[in-house]
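Structure file my_file-v5.pdb (PDB, C-alpha atoms and all ligand atoms) is printed below.
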ATOM      1  CA  MET N 244      30.393   9.433 -40.399
ATOM      2  CA  ILE N 245      26.723   9.307 -39.389
ATOM      3  CA  LEU N 246      24.052   8.485 -41.985
ATOM      4  CA  VAL N 247      20.615   9.945 -41.245
ATOM      5  CA  THR N 248      17.665   8.368 -43.069
ATOM      6  CA  GLY N 249      14.220  10.014 -43.044
ATOM      7  CA  ALA N 250      16.211  13.275 -43.037
ATOM      8  CA  THR N 251      13.304  15.272 -44.492
ATOM      9  CA  GLY N 252      10.948  13.981 -41.784
ATOM     10  CA  ASN N 253       9.885  15.165 -38.325
ATOM     11  CA  VAL N 254      12.575  13.343 -36.372
ATOM     12  CA  GLY N 255      15.349  12.938 -38.972
ATOM     13  CA  GLY N 256      15.240  16.646 -39.837
ATOM     14  CA  LYS N 257      15.824  17.579 -36.195
ATOM     15  CA  ILE N 258      18.596  15.014 -35.866
ATOM     16  CA  VAL N 259      20.444  16.603 -38.789
ATOM     17  CA  GLN N 260      20.127  20.083 -37.215
ATOM     18  CA  GLN N 261      21.335  18.863 -33.830
ATOM     19  CA  LEU N 262      24.255  16.859 -35.253
ATOM     20  CA  LEU N 263      25.378  19.870 -37.297
ATOM     21  CA  ALA N 264      25.218  22.055 -34.168
ATOM     22  CA  LEU N 265      27.650  19.557 -32.578
ATOM     23  CA  LYS N 266      29.869  19.746 -35.698
ATOM     24  CA  GLN N 267      29.445  16.020 -36.374
ATOM     25  CA  PRO N 268      30.066  14.691 -39.910
ATOM     26  CA  VAL N 269      26.614  13.993 -41.410
ATOM     27  CA  ARG N 270      25.431  12.265 -44.569
ATOM     28  CA  VAL N 271      21.732  12.261 -45.393
ATOM     29  CA  PHE N 272      19.843   9.554 -47.299
ATOM     30  CA  VAL N 273      17.060  11.195 -49.320
ATOM     31  CA  ARG N 274      14.774  10.350 -52.218
ATOM     32  CA  ASP N 275      14.581  13.942 -53.451
ATOM     33  CA  GLU N 276      17.692  16.086 -53.115
ATOM     34  CA  SER N 277      15.771  19.320 -53.734
ATOM     35  CA  LYS N 278      14.095  18.880 -50.322
ATOM     36  CA  ILE N 279      17.414  19.418 -48.557
ATOM     37  CA  ALA N 280      18.722  22.263 -50.723
ATOM     38  CA  HIS N 281      18.654  24.512 -47.621
ATOM     39  CA  LEU N 282      21.410  22.412 -46.026
ATOM     40  CA  GLY N 283      23.910  23.575 -48.638
ATOM     41  CA  ASN N 284      27.346  22.030 -48.234
ATOM     42  CA  GLN N 285      26.920  21.331 -44.513
ATOM     43  CA  VAL N 286      26.051  17.667 -45.198
ATOM     44  CA  GLU N 287      27.039  14.908 -47.599
ATOM     45  CA  ARG N 288      24.148  13.647 -49.730
ATOM     46  CA  ALA N 289      23.197  10.137 -50.785
ATOM     47  CA  VAL N 290      20.173   9.911 -53.048
ATOM     48  CA  GLY N 291      18.317   6.615 -52.793
ATOM     49  CA  ASP N 292      15.319   4.631 -51.669
ATOM     50  CA  PHE N 293      14.875   1.940 -48.989
ATOM     51  CA  GLU N 294      13.328  -0.228 -51.707
ATOM     52  CA  LYS N 295      16.641  -0.236 -53.642
ATOM     53  CA  ILE N 296      19.330  -1.992 -51.645
ATOM     54  CA  GLU N 297      22.118  -0.871 -53.972
ATOM     55  CA  THR N 298      21.390   2.766 -53.076
ATOM     56  CA  LEU N 299      21.651   1.897 -49.385
ATOM     57  CA  GLU N 300      24.938   0.084 -49.946
ATOM     58  CA  ALA N 301      26.397   3.124 -51.686
ATOM     59  CA  ALA N 302      25.082   5.486 -48.994
ATOM     60  CA  LEU N 303      26.569   3.413 -46.163
ATOM     61  CA  GLN N 304      30.167   3.359 -47.429
ATOM     62  CA  GLY N 305      32.391   4.730 -44.642
ATOM     63  CA  VAL N 306      29.471   5.075 -42.207
ATOM     64  CA  ASP N 307      29.951   4.118 -38.524
ATOM     65  CA  HIS N 308      26.537   5.046 -37.130
ATOM     66  CA  LEU N 309      23.174   4.778 -38.880
ATOM     67  CA  PHE N 310      19.923   6.466 -37.839
ATOM     68  CA  LEU N 311      17.216   4.256 -39.322
ATOM     69  CA  ASN N 312      13.631   5.424 -39.881
ATOM     70  CA  THR N 313      11.920   3.171 -42.412
ATOM     71  CA  SER N 314       8.385   3.556 -43.763
ATOM     72  CA  GLY N 315       5.695   1.171 -44.952
ATOM     73  CA  PHE N 316       3.900  -1.790 -43.397
ATOM     74  CA  GLY N 317       6.255  -4.613 -44.244
ATOM     75  CA  THR N 318       9.797  -5.446 -43.168
ATOM     76  CA  GLN N 319      11.542  -5.352 -46.567
ATOM     77  CA  GLN N 320      12.914  -1.822 -46.108
ATOM     78  CA  ASP N 321      14.443  -2.780 -42.767
ATOM     79  CA  GLN N 322      15.807  -5.987 -44.237
ATOM     80  CA  ASN N 323      17.436  -3.997 -47.064
ATOM     81  CA  ALA N 324      18.917  -1.403 -44.716
ATOM     82  CA  ILE N 325      20.270  -3.933 -42.214
ATOM     83  CA  THR N 326      21.774  -6.148 -44.927
ATOM     84  CA  ALA N 327      23.438  -3.109 -46.492
ATOM     85  CA  ALA N 328      24.694  -1.987 -43.052
ATOM     86  CA  GLN N 329      26.210  -5.422 -42.398
ATOM     87  CA  ARG N 330      27.951  -5.402 -45.795
ATOM     88  CA  ALA N 331      29.289  -1.867 -45.266
ATOM     89  CA  GLY N 332      30.641  -2.631 -41.769
ATOM     90  CA  VAL N 333      28.380  -0.163 -39.932
ATOM     91  CA  LYS N 334      29.142  -0.313 -36.200
ATOM     92  CA  HIS N 335      25.889   0.855 -34.620
ATOM     93  CA  VAL N 336      22.276   1.371 -35.700
ATOM     94  CA  VAL N 337      19.867   3.700 -33.872
ATOM     95  CA  LYS N 338      16.358   2.781 -34.941
ATOM     96  CA  LEU N 339      13.101   4.726 -34.613
ATOM     97  CA  SER N 340      10.283   2.430 -33.497
ATOM     98  CA  THR N 341       7.155   2.985 -31.388
ATOM     99  CA  PHE N 342       6.232   2.891 -27.689
ATOM    100  CA  GLY N 343       4.443  -0.441 -27.635
ATOM    101  CA  ALA N 344       6.751  -2.432 -29.903
ATOM    102  CA  GLY N 345       8.367  -4.272 -26.987
ATOM    103  CA  GLU N 346       5.035  -5.831 -25.980
ATOM    104  CA  PRO N 347       2.835  -5.393 -29.057
ATOM    105  CA  THR N 348      -0.917  -5.196 -28.410
ATOM    106  CA  HIS N 349      -2.147  -3.794 -31.731
ATOM    107  CA  ALA N 350      -1.244  -3.824 -35.429
ATOM    108  CA  ILE N 351       1.064  -0.773 -35.493
ATOM    109  CA  ASP N 352       3.056  -2.148 -32.542
ATOM    110  CA  GLN N 353       3.275  -5.513 -34.286
ATOM    111  CA  TRP N 354       4.661  -3.955 -37.486
ATOM    112  CA  HIS N 355       7.348  -2.200 -35.471
ATOM    113  CA  TYR N 356       8.060  -5.334 -33.416
ATOM    114  CA  ALA N 357       8.789  -7.272 -36.629
ATOM    115  CA  LYS N 358      11.119  -4.510 -37.828
ATOM    116  CA  GLU N 359      12.927  -4.368 -34.474
ATOM    117  CA  GLN N 360      13.482  -8.118 -34.619
ATOM    118  CA  ILE N 361      15.406  -7.806 -37.892
ATOM    119  CA  LEU N 362      17.817  -5.366 -36.266
ATOM    120  CA  GLN N 363      18.108  -7.246 -32.988
ATOM    121  CA  ASN N 364      18.946 -10.496 -34.804
ATOM    122  CA  ALA N 365      21.497  -8.939 -37.170
ATOM    123  CA  GLY N 366      24.565  -9.080 -34.938
ATOM    124  CA  LEU N 367      25.062  -5.292 -35.110
ATOM    125  CA  ALA N 368      25.145  -2.988 -32.086
ATOM    126  CA  TRP N 369      21.733  -1.329 -31.786
ATOM    127  CA  THR N 370      19.742   1.247 -29.856
ATOM    128  CA  ILE N 371      15.974   1.361 -30.273
ATOM    129  CA  LEU N 372      13.916   4.500 -29.700
ATOM    130  CA  ARG N 373      10.301   3.811 -28.723
ATOM    131  CA  PRO N 374       8.420   7.115 -28.563
ATOM    132  CA  GLY N 375       4.733   7.589 -27.826
ATOM    133  CA  GLN N 376       2.527   9.937 -29.814
ATOM    134  CA  PHE N 377       4.319  12.878 -31.484
ATOM    135  CA  MET N 378       3.321  16.479 -30.674
ATOM    136  CA  SER N 379       3.705  17.203 -34.386
ATOM    137  CA  ASN N 380       0.564  15.114 -35.068
ATOM    138  CA  ALA N 381      -1.286  18.286 -34.021
ATOM    139  CA  LEU N 382      -0.203  19.859 -37.332
ATOM    140  CA  GLN N 383      -3.027  17.860 -38.961
ATOM    141  CA  TRP N 384      -5.451  20.199 -37.145
ATOM    142  CA  ALA N 385      -3.967  23.349 -38.728
ATOM    143  CA  GLY N 386      -6.450  23.480 -41.646
ATOM    144  CA  SER N 387      -9.660  23.422 -39.583
ATOM    145  CA  ILE N 388      -8.128  25.690 -36.928
ATOM    146  CA  LYS N 389      -7.384  28.307 -39.573
ATOM    147  CA  THR N 390     -10.722  28.052 -41.393
ATOM    148  CA  GLN N 391     -13.192  27.197 -38.594
ATOM    149  CA  GLY N 392     -11.436  27.737 -35.271
ATOM    150  CA  ALA N 393     -12.159  24.064 -34.573
ATOM    151  CA  VAL N 394     -10.464  20.678 -34.174
ATOM    152  CA  TYR N 395     -12.302  17.520 -35.246
ATOM    153  CA  PHE N 396     -10.684  14.416 -33.777
ATOM    154  CA  PRO N 397     -11.802  11.086 -32.251
ATOM    155  CA  GLY N 398      -9.790  11.604 -29.039
ATOM    156  CA  GLY N 399     -12.547  11.251 -26.420
ATOM    157  CA  GLU N 400     -11.246  11.793 -22.901
ATOM    158  CA  GLY N 401      -8.229   9.513 -23.320
ATOM    159  CA  LYS N 402      -4.911  10.961 -22.163
ATOM    160  CA  VAL N 403      -1.506  10.671 -23.794
ATOM    161  CA  ALA N 404       1.839  12.329 -23.046
ATOM    162  CA  PRO N 405       2.812  13.601 -26.511
ATOM    163  CA  ILE N 406       6.517  13.984 -27.214
ATOM    164  CA  ASP N 407       8.283  16.750 -29.142
ATOM    165  CA  PRO N 408      10.188  15.279 -32.138
ATOM    166  CA  ARG N 409      13.084  17.531 -31.057
ATOM    167  CA  ASP N 410      13.358  15.412 -27.908
ATOM    168  CA  ILE N 411      13.284  12.123 -29.812
ATOM    169  CA  ALA N 412      16.046  13.598 -31.972
ATOM    170  CA  ALA N 413      18.006  14.682 -28.898
ATOM    171  CA  VAL N 414      17.962  11.132 -27.504
ATOM    172  CA  ALA N 415      18.976   9.789 -30.934
ATOM    173  CA  VAL N 416      21.876  12.249 -31.110
ATOM    174  CA  VAL N 417      23.169  11.157 -27.698
ATOM    175  CA  ALA N 418      22.981   7.503 -28.783
ATOM    176  CA  LEU N 419      24.664   8.280 -32.136
ATOM    177  CA  THR N 420      27.542  10.273 -30.652
ATOM    178  CA  GLN N 421      28.208   8.869 -27.174
ATOM    179  CA  PRO N 422      29.035   5.346 -25.978
ATOM    180  CA  GLY N 423      26.916   3.346 -23.543
ATOM    181  CA  HIS N 424      23.584   3.182 -25.371
ATOM    182  CA  GLU N 425      24.100  -0.064 -27.244
ATOM    183  CA  GLY N 426      21.565  -2.820 -26.544
ATOM    184  CA  LYS N 427      19.090  -0.373 -24.993
ATOM    185  CA  ALA N 428      15.465   0.266 -25.953
ATOM    186  CA  TYR N 429      14.234   3.660 -24.778
ATOM    187  CA  GLN N 430      10.511   4.077 -24.023
ATOM    188  CA  MET N 431       9.918   7.793 -24.236
ATOM    189  CA  THR N 432       7.083  10.299 -23.944
ATOM    190  CA  GLY N 433       6.577  13.977 -23.289
ATOM    191  CA  PRO N 434       6.334  15.352 -19.733
ATOM    192  CA  GLU N 435       2.547  15.700 -19.280
ATOM    193  CA  LEU N 436      -0.530  13.530 -19.743
ATOM    194  CA  LEU N 437      -3.110  15.503 -21.733
ATOM    195  CA  THR N 438      -6.492  14.850 -23.339
ATOM    196  CA  VAL N 439      -6.993  16.097 -26.900
ATOM    197  CA  GLY N 440      -9.296  18.769 -25.443
ATOM    198  CA  GLU N 441      -6.461  19.965 -23.172
ATOM    199  CA  GLN N 442      -4.067  20.042 -26.147
ATOM    200  CA  VAL N 443      -6.573  22.122 -28.114
ATOM    201  CA  GLN N 444      -6.990  24.549 -25.184
ATOM    202  CA  THR N 445      -3.189  24.909 -24.973
ATOM    203  CA  LEU N 446      -3.109  25.747 -28.682
ATOM    204  CA  ALA N 447      -5.947  28.253 -28.166
ATOM    205  CA  ARG N 448      -4.040  29.968 -25.339
ATOM    206  CA  VAL N 449      -0.854  30.238 -27.422
ATOM    207  CA  LEU N 450      -2.786  31.403 -30.502
ATOM    208  CA  GLY N 451      -4.747  33.908 -28.422
ATOM    209  CA  LYS N 452      -8.090  32.866 -29.929
ATOM    210  CA  PRO N 453     -10.843  30.467 -28.826
ATOM    211  CA  LEU N 454     -10.850  26.993 -30.374
ATOM    212  CA  GLN N 455     -13.570  24.380 -30.235
ATOM    213  CA  TYR N 456     -12.802  20.664 -29.873
ATOM    214  CA  ILE N 457     -15.329  18.361 -31.544
ATOM    215  CA  ASP N 458     -14.962  14.734 -30.456
ATOM    216  CA  VAL N 459     -15.662  12.767 -33.654
ATOM    217  CA  PRO N 460     -17.194   9.284 -33.085
ATOM    218  CA  PRO N 461     -14.585   6.622 -34.021
ATOM    219  CA  ALA N 462     -16.900   5.036 -36.635
ATOM    220  CA  VAL N 463     -17.226   8.419 -38.411
ATOM    221  CA  ALA N 464     -13.457   8.970 -38.338
ATOM    222  CA  ASP N 465     -12.949   5.465 -39.750
ATOM    223  CA  GLU N 466     -15.376   6.163 -42.608
ATOM    224  CA  GLN N 467     -13.705   9.514 -43.406
ATOM    225  CA  MET N 468     -10.257   7.883 -43.637
ATOM    226  CA  ARG N 469     -11.643   5.261 -46.059
ATOM    227  CA  LYS N 470     -13.324   7.965 -48.177
ATOM    228  CA  ARG N 471     -10.004   9.819 -48.395
ATOM    229  CA  GLY N 472      -8.534   6.658 -49.982
ATOM    230  CA  MET N 473      -6.220   5.606 -47.146
ATOM    231  CA  PRO N 474      -5.093   1.960 -47.414
ATOM    232  CA  PRO N 475      -7.660  -0.242 -45.583
ATOM    233  CA  MET N 476      -4.908  -1.930 -43.555
ATOM    234  CA  LEU N 477      -3.775   1.469 -42.233
ATOM    235  CA  VAL N 478      -7.359   2.584 -41.489
ATOM    236  CA  ASP N 479      -7.973  -0.633 -39.533
ATOM    237  CA  ALA N 480      -4.768  -0.114 -37.550
ATOM    238  CA  LEU N 481      -5.481   3.564 -36.796
ATOM    239  CA  SER N 482      -9.075   2.786 -35.785
ATOM    240  CA  GLU N 483      -7.838   0.098 -33.415
ATOM    241  CA  LEU N 484      -5.366   2.582 -31.915
ATOM    242  CA  THR N 485      -8.077   5.250 -31.588
ATOM    243  CA  VAL N 486     -10.307   2.952 -29.516
ATOM    244  CA  MET N 487      -7.333   2.014 -27.336
ATOM    245  CA  LEU N 488      -6.421   5.655 -26.694
ATOM    246  CA  ARG N 489     -10.042   6.650 -25.961
ATOM    247  CA  GLU N 490     -10.163   3.905 -23.349
ATOM    248  CA  GLY N 491      -7.144   5.464 -21.620
ATOM    249  CA  ARG N 492      -4.774   2.678 -22.613
ATOM    250  CA  GLY N 493      -2.233   5.189 -23.973
ATOM    251  CA  ALA N 494      -1.886   7.047 -20.668
ATOM    252  CA  TYR N 495       1.761   6.389 -19.923
ATOM    253  CA  GLN N 496       4.558   8.818 -19.165
ATOM    254  CA  THR N 497       8.310   8.291 -18.807
ATOM    255  CA  ASN N 498      11.291  10.506 -17.907
ATOM    256  CA  THR N 499      13.645   8.946 -20.463
ATOM    257  CA  VAL N 500      14.304  12.190 -22.359
ATOM    258  CA  ALA N 501      15.600  13.904 -19.211
ATOM    259  CA  GLU N 502      17.504  10.820 -18.081
ATOM    260  CA  VAL N 503      19.329  10.378 -21.410
ATOM    261  CA  THR N 504      19.853  14.024 -22.419
ATOM    262  CA  GLY N 505      20.212  15.638 -18.979
ATOM    263  CA  ARG N 506      17.542  18.277 -19.679
ATOM    264  CA  PRO N 507      13.759  18.225 -19.338
ATOM    265  CA  ALA N 508      11.518  17.209 -22.228
ATOM    266  CA  HIS N 509       9.673  20.055 -23.965
ATOM    267  CA  THR N 510       6.086  20.702 -22.892
ATOM    268  CA  PHE N 511       3.210  20.788 -25.384
ATOM    269  CA  GLU N 512       2.945  24.541 -24.807
ATOM    270  CA  GLU N 513       6.611  24.977 -25.794
ATOM    271  CA  TRP N 514       5.994  22.932 -28.954
ATOM    272  CA  CYS N 515       2.952  25.122 -29.789
ATOM    273  CA  ARG N 516       5.033  28.309 -29.419
ATOM    274  CA  GLU N 517       7.677  26.902 -31.791
ATOM    275  CA  TYR N 518       5.126  25.927 -34.475
ATOM    276  CA  ILE N 519       2.473  28.613 -33.972
ATOM    277  CA  ALA N 520       2.928  30.017 -37.486
ATOM    278  CA  ALA N 521       1.507  26.764 -38.916
ATOM    279  CA  PHE N 522      -1.814  27.466 -37.157
ATOM    280  CA  GLN N 523      -2.138  31.185 -38.024
TER
HETATM  281  N1  LIG T 601       3.515  10.150 -35.359
HETATM  282  C1  LIG T 601       3.484   9.513 -34.214
HETATM  283  O1  LIG T 601       2.733   9.846 -33.299
HETATM  284  C2  LIG T 601       4.418   8.345 -34.000
HETATM  285  C3  LIG T 601       4.508   7.766 -32.723
HETATM  286  C4  LIG T 601       5.404   6.713 -32.515
HETATM  287  C5  LIG T 601       6.181   6.241 -33.571
HETATM  288  N2  LIG T 601       6.046   6.818 -34.798
HETATM  289  C6  LIG T 601       6.852   6.284 -35.906
HETATM  290  O2  LIG T 601       7.742   7.287 -36.380
HETATM  291  C7  LIG T 601       7.983   7.053 -37.759
HETATM  292  C8  LIG T 601       7.752   8.341 -38.553
HETATM  293  O3  LIG T 601       8.763   9.267 -38.213
HETATM  294  P1  LIG T 601       8.715  10.785 -38.754
HETATM  295  O4  LIG T 601       7.423  11.397 -38.336
HETATM  296  O5  LIG T 601       9.994  11.440 -38.402
HETATM  297  O6  LIG T 601       8.674  10.518 -40.307
HETATM  298  P2  LIG T 601       8.014  11.418 -41.427
HETATM  299  O7  LIG T 601       8.038  12.858 -41.020
HETATM  300  O8  LIG T 601       6.719  10.767 -41.809
HETATM  301  O9  LIG T 601       9.055  11.232 -42.602
HETATM  302  C9  LIG T 601       9.258  10.009 -43.244
HETATM  303  C10 LIG T 601      10.649  10.067 -43.834
HETATM  304  O10 LIG T 601      10.942   8.823 -44.481
HETATM  305  C11 LIG T 601      11.366   9.107 -45.815
HETATM  306  N3  LIG T 601      10.984   7.982 -46.678
HETATM  307  C12 LIG T 601       9.732   7.520 -46.908
HETATM  308  N4  LIG T 601       9.756   6.466 -47.746
HETATM  309  C13 LIG T 601      11.069   6.286 -48.079
HETATM  310  C14 LIG T 601      11.743   5.377 -48.933
HETATM  311  N5  LIG T 601      11.068   4.426 -49.596
HETATM  312  N6  LIG T 601      13.089   5.480 -49.035
HETATM  313  C15 LIG T 601      13.767   6.432 -48.360
HETATM  314  N7  LIG T 601      13.191   7.325 -47.522
HETATM  315  C16 LIG T 601      11.850   7.255 -47.388
HETATM  316  C17 LIG T 601      10.644  10.393 -46.183
HETATM  317  O11 LIG T 601      11.284  11.002 -47.278
HETATM  318  P3  LIG T 601      10.489  11.872 -48.389
HETATM  319  O12 LIG T 601      10.716  13.297 -47.974
HETATM  320  O13 LIG T 601      11.160  11.520 -49.652
HETATM  321  O14 LIG T 601       9.039  11.477 -48.340
HETATM  322  C18 LIG T 601      10.785  11.171 -44.884
HETATM  323  O15 LIG T 601      12.059  11.738 -44.769
HETATM  324  C19 LIG T 601       7.044   5.923 -38.198
HETATM  325  O16 LIG T 601       7.742   4.708 -38.187
HETATM  326  C20 LIG T 601       5.992   5.931 -37.112
HETATM  327  O17 LIG T 601       5.344   4.686 -36.950
HETATM  328  C21 LIG T 601       5.218   7.861 -35.036
END
Since I need it in another form, could you write the structure as structure tokens?
Amino acid sequence: MILVTGATGNVGGKIVQQLLALKQPVRVFVRDESKIAHLGNQVERAVGDFEKIETLEAALQGVDHLFLNTSGFGTQQDQNAITAAQRAGVKHVVKLSTFGAGEPTHAIDQWHYAKEQILQNAGLAWTILRPGQFMSNALQWAGSIKTQGAVYFPGGEGKVAPIDPRDIAAVAVVALTQPGHEGKAYQMTGPELLTVGEQVQTLARVLGKPLQYIDVPPAVADEQMRKRGMPPMLVDALSELTVMLREGRGAYQTNTVAEVTGRPAHTFEEWCREYIAAFQ
């Protein structure tokens, strides 16, 4: 049995779909069962919360492989999940982390590094997935694209190689269902380095309408996040990341998706075609 946490999220949702396509036995760990009503009786359900260890212990009974995607800044959720996995006799944990967690240079990397350490020191077999920026982050532009034909973002000319969450899921599914991935940390990105402007032009081409990219100064973006009530710690971390990306320090690209899955990673244009309805 495979337990998928974060099953209503970008990556976990795709993992569930791909595991079901392979006819694997799947249990999902969710806070709100109504969000997975569409899955019918294809999956087992465990309702719970990372903050409540007893719900994790119940969910992990009879589970061999765990896909772990925790939330929040601290390490308590990971500590709860790993302790529960140890008690339940889980054999292997596949954990979603972030690209820079192996050599953390900023706050978000450091949060993930601390979480990875809990797993790596637990005595369980592990595989860590370290993706770069998700293509699905572009969904945050849908509102202004629909109303103004514009994208406001502090991207500058920095390049990143965004990755399709379907490809992160595909690597996770290989690690969850096939041997040989234990003790490995996979750095993974999409196939092409793109500026935000180039991403916006790709969206414009797929949408068939012109879009304008407005490069928002980082200080203005920082102020807007604070005004929207985002936690100051998160704003600080995102602002730090923004400056790093604008300076080109996020311009890395790997072929891990193809190496692990045996097929090429999706391009940004392919992702746009799949999600075009969200921008129309
Ligand atoms: N976005 C990027 O560019 C990027 C890049 C690298 C790494 N990452 C990392 O990827 C992770 C996010 O993955 P994602 O986009 O797939 O997630 P997501 O779409 O944000 O979904 C989060 C999932 O976690 C569940 N969840 C939240 N709090 C929970 C709790 N207390 N107990 C149980 N479940 C809980 C949510 O369930 P509900 O439906 O109940 O809310 C949801 O299923 C983060 O760790 C992030 O740092 C992101």
If we count only C-alpha atoms, what is near segment 407-409 of chain N at a cut-off of 9 Å, once residues fewer than 3 positions away on the same chain are taken out, given as a VMD selection string?
chain N and resid 253 to 255 257 to 258 261 376 to 379 412 to 414 432 to 433 508 to 511 514
Target residues per the PyMOL selection byres (((not hetatm)) within 6 of (chain T and resi 601)), formatted as a compact mmCIF listing (two decimals) with C-alpha atoms, in the frame of the given file:
# COMPACT_ATOMS: atom_id res chain seq x y z
CA GLY N 249 14.22 10.01 -43.04
CA ALA N 250 16.21 13.28 -43.04
CA THR N 251 13.30 15.27 -44.49
CA GLY N 252 10.95 13.98 -41.78
CA ASN N 253 9.88 15.16 -38.33
CA VAL N 254 12.58 13.34 -36.37
CA GLY N 255 15.35 12.94 -38.97
CA VAL N 273 17.06 11.20 -49.32
CA ARG N 274 14.77 10.35 -52.22
CA ASP N 275 14.58 13.94 -53.45
CA ASP N 292 15.32 4.63 -51.67
CA PHE N 293 14.88 1.94 -48.99
CA GLU N 294 13.33 -0.23 -51.71
CA SER N 314 8.38 3.56 -43.76
CA SER N 340 10.28 2.43 -33.50
CA THR N 341 7.16 2.98 -31.39
CA PRO N 374 8.42 7.12 -28.56
CA GLY N 375 4.73 7.59 -27.83
CA GLN N 376 2.53 9.94 -29.81
CA PHE N 377 4.32 12.88 -31.48
CA ASN N 380 0.56 15.11 -35.07
Tell me which residues the PyMOL selection byres (((chain N and resi 279-282) around 10) and not hetatm) grabs here, as a ChimeraX atom specification.
/N:250-251,256,259-260,263,271,273,275-278,283-288
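Non-sequential neighbours of Ala480 of chain N (distance at most 8 Å, separation of 4 or more positions within a chain, all atoms listed in the file) are His349, Ala350, Ile351, Met476 and Leu484 of chain N.
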Hits of the PyMOL selection byres (((chain N and resi 488) around 9) and not hetatm) in this structure, as a VMD selection string:
chain N and resid 398 to 403 483 to 487 489 to 494
One number please: atom CA of Leu339 of chain N to atom CA of Leu372 of chain N, in Å, one decimal.
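One can read the atom CA of Leu339 of chain N to atom CA of Leu372 of chain N distance as 5.0 Å.
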Can you pull out every residue within 10 Å of Gln523 of chain N, counting all atoms listed in the file, but drop anything in the same chain fewer than 4 positions away, and send it as a compact mmCIF listing (two decimals) with C-alpha atoms, in the frame of the given file?
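See around_19.txt below for the written result:
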# COMPACT_ATOMS: atom_id res chain seq x y z
CA ALA N 385 -3.97 23.35 -38.73
CA GLY N 386 -6.45 23.48 -41.65
CA ILE N 388 -8.13 25.69 -36.93
CA LYS N 389 -7.38 28.31 -39.57
CA THR N 390 -10.72 28.05 -41.39
CA LEU N 450 -2.79 31.40 -30.50
CA TYR N 518 5.13 25.93 -34.48
CA ILE N 519 2.47 28.61 -33.97
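Coordinates place atom CA of Ala520 of chain N at a distance of 14.7 Å from atom CA of Gly392 of chain N.
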What lies within 7 Å of segment 358-367 of chain N using all atoms listed in the file, ignoring chain neighbours under 3 positions off, as a list in words?
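Here the qualifying residues turn out to be Thr318, Asp321, Gln322, Ile325, Lys334, His335, Trp354 and His355 of chain N.
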d(atom CA of Val306 of chain N, atom CA of Ala501 of chain N) in Å:
28.3 Å
Considering only C-alpha atoms, return as a short mmCIF file (atom, residue, chain, number, x, y, z; two decimals) with C-alpha atoms, in the coordinates of the input whatever protein or nucleic-acid residues lie within 9 Å of Ala324 of chain N, sequence-local ones (same chain, fewer than 6 positions apart) excluded.
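Below is the file part-v6.cif, written as the result:
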data_model
loop_
_atom_site.label_atom_id
_atom_site.label_comp_id
_atom_site.auth_asym_id
_atom_site.auth_seq_id
_atom_site.Cartn_x
_atom_site.Cartn_y
_atom_site.Cartn_z
CA PHE N 293 14.88 1.94 -48.99
CA ILE N 296 19.33 -1.99 -51.64
CA LEU N 299 21.65 1.90 -49.38
CA GLU N 300 24.94 0.08 -49.95
CA LEU N 311 17.22 4.26 -39.32
CA THR N 313 11.92 3.17 -42.41
#
Return the single residue from N:Gln267, N:Gln391, N:Thr248, N:Gln353 that is closest to Leu303 of chain N, with distances computed using all atoms listed in the file.
N:Thr248
Name the closest residue to Val459 of chain N among the candidates N:Val269, N:Ala393, N:Arg516, N:Ala381; distances are taken between atoms, counting all atoms listed in the file.
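Of all the options, N:Ala393 lies closest to Val459 of chain N.
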If you take every atom of segment 274-288 of chain N that the file lists and fit an axis-aligned box around them with 3 Å extra on each side, what centre and edge lengths come out in Å to one decimal, as lines of an AutoDock Vina configuration file?
center_x = 20.7
center_y = 17.4
center_z = -49.1
size_x = 19.3
size_y = 20.2
size_z = 15.2
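Using all atoms listed in the file, the shortest contact distance between Val500 of chain N and any of N:Gln455, N:Gln467, N:Gln430, N:Gln442 is found at N:Gln430.
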Given the choices N:Gly345, N:Gly291, N:Pro461, N:Gly305, which gets closest to Gly332 of chain N if the distance is worked out from all atoms listed in the file?
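The answer is N:Gly305, which sits nearest to Gly332 of chain N.
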When you count only C-alpha atoms, which of these residues is closest to Gln444 of chain N: N:Thr497, N:Pro422, N:Glu512, N:Thr370?
N:Glu512
